$ cat upload.tsv   # TSV, C-alpha atoms
chain	number	residue	atom	x	y	z
A	139	MET	CA	46.75	23.57	106.29
A	140	VAL	CA	47.83	27.13	105.56
A	141	ASP	CA	49.31	27.35	102.10
A	142	VAL	CA	50.61	29.95	99.65
A	143	GLY	CA	47.97	32.56	98.81
A	144	GLN	CA	46.12	32.09	102.09
A	145	ALA	CA	46.02	34.26	105.20
A	146	ALA	CA	48.75	33.32	107.65
A	147	LEU	CA	47.63	31.67	110.87
A	148	ASP	CA	48.16	34.15	113.67
A	149	PHE	CA	49.99	33.00	116.77
A	150	THR	CA	51.48	34.34	119.97
A	151	VAL	CA	54.48	32.54	121.42
A	152	MET	CA	57.52	33.28	123.58
A	153	ASP	CA	60.91	34.06	122.12
A	154	HIS	CA	64.36	33.29	123.49
A	155	ASN	CA	64.30	36.54	125.50
A	156	GLN	CA	61.02	35.59	127.16
A	157	GLN	CA	59.17	38.21	125.14
A	158	GLN	CA	55.80	37.45	123.61
A	159	VAL	CA	55.78	37.68	119.84
A	160	THR	CA	52.52	37.82	117.90
A	161	LEU	CA	52.65	37.36	114.16
A	162	SER	CA	49.94	39.94	113.51
A	163	GLN	CA	51.98	42.65	115.27
A	164	PHE	CA	53.89	42.96	111.99
A	165	LYS	CA	50.77	43.26	109.82
A	166	GLY	CA	50.72	46.51	107.85
A	167	LYS	CA	54.33	47.18	108.87
A	168	LYS	CA	56.70	44.40	107.84
A	169	ASN	CA	56.92	41.24	105.82
A	170	VAL	CA	57.86	38.22	107.90
A	171	ILE	CA	60.26	35.39	107.14
A	172	LEU	CA	59.51	32.39	109.32
A	173	SER	CA	62.71	30.36	109.39
A	174	CYS	CA	61.77	26.92	110.65
A	175	HIS	CA	64.51	24.82	112.24
A	176	VAL	CA	64.49	21.15	113.09
A	177	PHE	CA	66.27	21.40	116.44
A	178	SER	CA	68.37	24.09	118.11
A	179	PHE	CA	72.04	23.18	118.64
A	180	THR	CA	72.03	21.21	115.39
A	181	SER	CA	72.74	22.01	111.76
A	182	GLY	CA	68.99	21.98	111.15
B	126	MET	CA	70.01	42.59	105.16
B	127	PHE	CA	66.27	41.81	105.30
B	128	GLU	CA	65.63	44.79	107.59
B	129	GLU	CA	66.31	47.12	104.67
B	130	LYS	CA	63.40	45.48	102.88
B	131	ASP	CA	60.93	46.03	105.73
B	132	THR	CA	61.16	42.36	106.58
B	133	GLN	CA	61.34	40.74	110.02
B	134	VAL	CA	63.07	37.39	110.41
B	135	LEU	CA	61.65	35.04	113.05
B	136	GLY	CA	63.42	31.77	113.83
B	137	ILE	CA	61.25	28.97	115.19
B	138	SER	CA	61.49	25.36	116.32
B	139	THR	CA	59.63	23.06	118.69
B	140	ASP	CA	62.41	23.32	121.28
B	141	ALA	CA	61.45	24.67	124.70
B	142	ARG	CA	62.03	28.34	125.52
B	143	ALA	CA	64.97	27.59	127.85
B	144	THR	CA	66.65	25.72	125.01
B	145	GLN	CA	66.17	28.68	122.67
B	146	THR	CA	67.70	31.00	125.26
B	147	ALA	CA	70.71	28.73	125.71
B	148	TYR	CA	71.06	28.33	121.95
B	149	ALA	CA	70.98	32.09	121.33
B	150	THR	CA	73.53	32.62	124.11
B	151	SER	CA	75.80	29.94	122.66
B	152	LEU	CA	75.80	31.84	119.37
B	153	GLY	CA	76.79	35.06	121.11
B	154	GLY	CA	73.31	36.46	120.61
B	155	VAL	CA	71.09	36.47	117.54
B	156	PRO	CA	69.74	39.52	115.69
B	157	PHE	CA	66.17	38.19	115.54
B	158	PRO	CA	63.72	36.44	117.88
B	159	ILE	CA	63.87	32.66	118.13
B	160	LEU	CA	60.37	31.46	118.86
B	161	THR	CA	59.24	28.32	120.62
B	162	ASP	CA	56.45	26.11	119.29
B	163	PHE	CA	56.82	23.80	122.28
B	164	HIS	CA	53.41	23.99	123.93
B	165	PRO	CA	50.93	23.01	122.60
B	166	HIS	CA	53.65	21.06	120.90
B	167	GLY	CA	54.14	21.84	117.21
B	168	LYS	CA	50.83	23.70	116.88
B	169	ILE	CA	52.27	26.21	114.41
B	170	ALA	CA	54.21	23.56	112.51
B	171	GLN	CA	51.06	21.48	112.16
B	172	ALA	CA	48.98	24.45	111.02
B	173	TYR	CA	51.43	25.08	108.20
B	174	GLY	CA	51.73	21.39	107.33
B	175	ILE	CA	55.43	21.16	108.17
B	176	PHE	CA	55.36	19.12	111.37
B	177	ASN	CA	57.42	15.93	111.22
B	178	ASP	CA	55.61	13.23	113.16
B	179	ALA	CA	58.74	11.07	113.10
B	180	ASN	CA	60.73	13.35	115.40
B	181	GLY	CA	58.21	15.82	116.79
B	182	ALA	CA	59.92	18.77	115.14
B	183	PHE	CA	59.51	21.19	112.26
B	184	ARG	CA	60.59	20.14	108.85
B	185	ARG	CA	63.35	22.53	107.77
B	186	ALA	CA	61.40	25.24	105.97
B	187	VAL	CA	61.02	28.89	105.11
B	188	ILE	CA	57.67	30.67	105.02
B	189	VAL	CA	57.39	34.22	103.69
B	190	ILE	CA	54.36	36.27	104.77
B	191	ASP	CA	53.69	39.68	103.23
B	192	LYS	CA	52.70	42.87	105.07
B	193	HIS	CA	49.05	42.07	104.50
B	194	GLY	CA	49.37	38.77	106.35
B	195	ILE	CA	49.21	36.57	103.24
B	196	VAL	CA	51.55	33.59	102.81
B	197	ARG	CA	53.52	34.19	99.62
B	198	PHE	CA	56.17	31.46	99.77
B	199	LYS	CA	56.55	28.15	101.56
B	200	LYS	CA	59.28	25.63	100.91
B	201	THR	CA	60.81	22.73	102.79
B	202	TYR	CA	64.47	21.77	102.50
B	203	THR	CA	66.19	18.43	102.92
B	204	THR	CA	69.44	19.90	104.20
B	205	ALA	CA	70.46	23.30	105.53
B	206	ALA	CA	72.83	23.63	102.55
B	207	ASP	CA	69.85	23.53	100.17
B	208	LEU	CA	68.55	26.77	101.64
B	209	LYS	CA	70.04	29.75	99.80
B	210	VAL	CA	69.62	33.19	101.33
B	211	ALA	CA	69.68	34.77	97.86
B	212	ASP	CA	66.62	32.71	96.89
B	213	ILE	CA	64.72	33.98	99.91
B	214	MET	CA	65.82	37.54	99.13
B	215	ALA	CA	64.43	37.10	95.61
B	216	GLU	CA	61.09	36.01	97.07
B	217	VAL	CA	61.02	39.06	99.34
B	218	ASP	CA	61.73	41.30	96.35
B	219	LYS	CA	58.58	39.93	94.66
B	220	LEU	CA	56.31	41.01	97.52
B	221	PRO	CA	53.91	43.90	97.15
B	222	LYS	CA	55.38	47.12	98.58

$ encode --input "upload.tsv" --output "structure tokens"
Amino acid sequence: MVDVGQAALDFTVMDHNQQQVTLSQFKGKKNVILSCHVFSFTSG
Amino acid sequence: MFEEKDTQVLGISTDARATQTAYATSLGGVPFPILTDFHPHGKIAQAYGIFNDANGAFRRAVIVIDKHGIVRFKKTYTTAADLKVADIMAEVDKLPK
């Protein structure tokens, strides 16, 4: 399990605009906030 | 808000891509990508230890990763109201420049 202080697990997934997003594309450029939701269309 | 701090926000859930598209449209558009961890289901959630086996979804959580690719903050929340943007901003301010 990836925890604080460890290297983030890289991933490539689709976004809502059907664009591929790879976590490591931000490396060296931007910090990333991963905002994890329970389900879309809910208060989660 | 976070853009000024060289920080990219990525939303994510285990919902399918079509659901994310419909959700973003229903909100009148969103200023950041909403990612899908649908297939293989919950792979990212499981890797970060925040997959809820009871409902097949993410636990409500925020993960902050610095520019060097290191996880600097990870916290789960019981309700959406527990999550304070100012707290996340404070975590971002602690990151190495």

$ atom_distance --input "upload.tsv" --atom1 "CA of Thr160 (chain A)" --atom2 "CA of Asn180 (chain B)"
25.9 Å

$ atom_distance --input "upload.tsv" --atom1 "CA of Leu208 (chain B)" --atom2 "CA of Arg185 (chain B)"
9.1 Å

$ closest_residue --input "upload.tsv" --among "A:Ser181, A:Gln163, A:Cys174, A:His154" --to "Gly174 (chain B)" --atoms "all atoms listed in the file"
A:Cys174

$ interface_residues --input "upload.tsv" --of "chain A" --to "chain B" --cutoff "6 Å" --atoms "all atoms listed in the file" --output "ChimeraX atom specification"
/A:139-140,142-146,152-154,165-176,182

$ atom_distance --input "upload.tsv" --atom1 "CA of Asp218 (chain B)" --atom2 "CA of Leu147 (chain A)"
22.4 Å

$ residues_around --input "upload.tsv" --residues "Thr150 (chain A)" --least-positions-apart "5" --cutoff "9 Å" --atoms "all atoms listed in the file" --output "PyMOL selection string"
chain A and resi 158-162
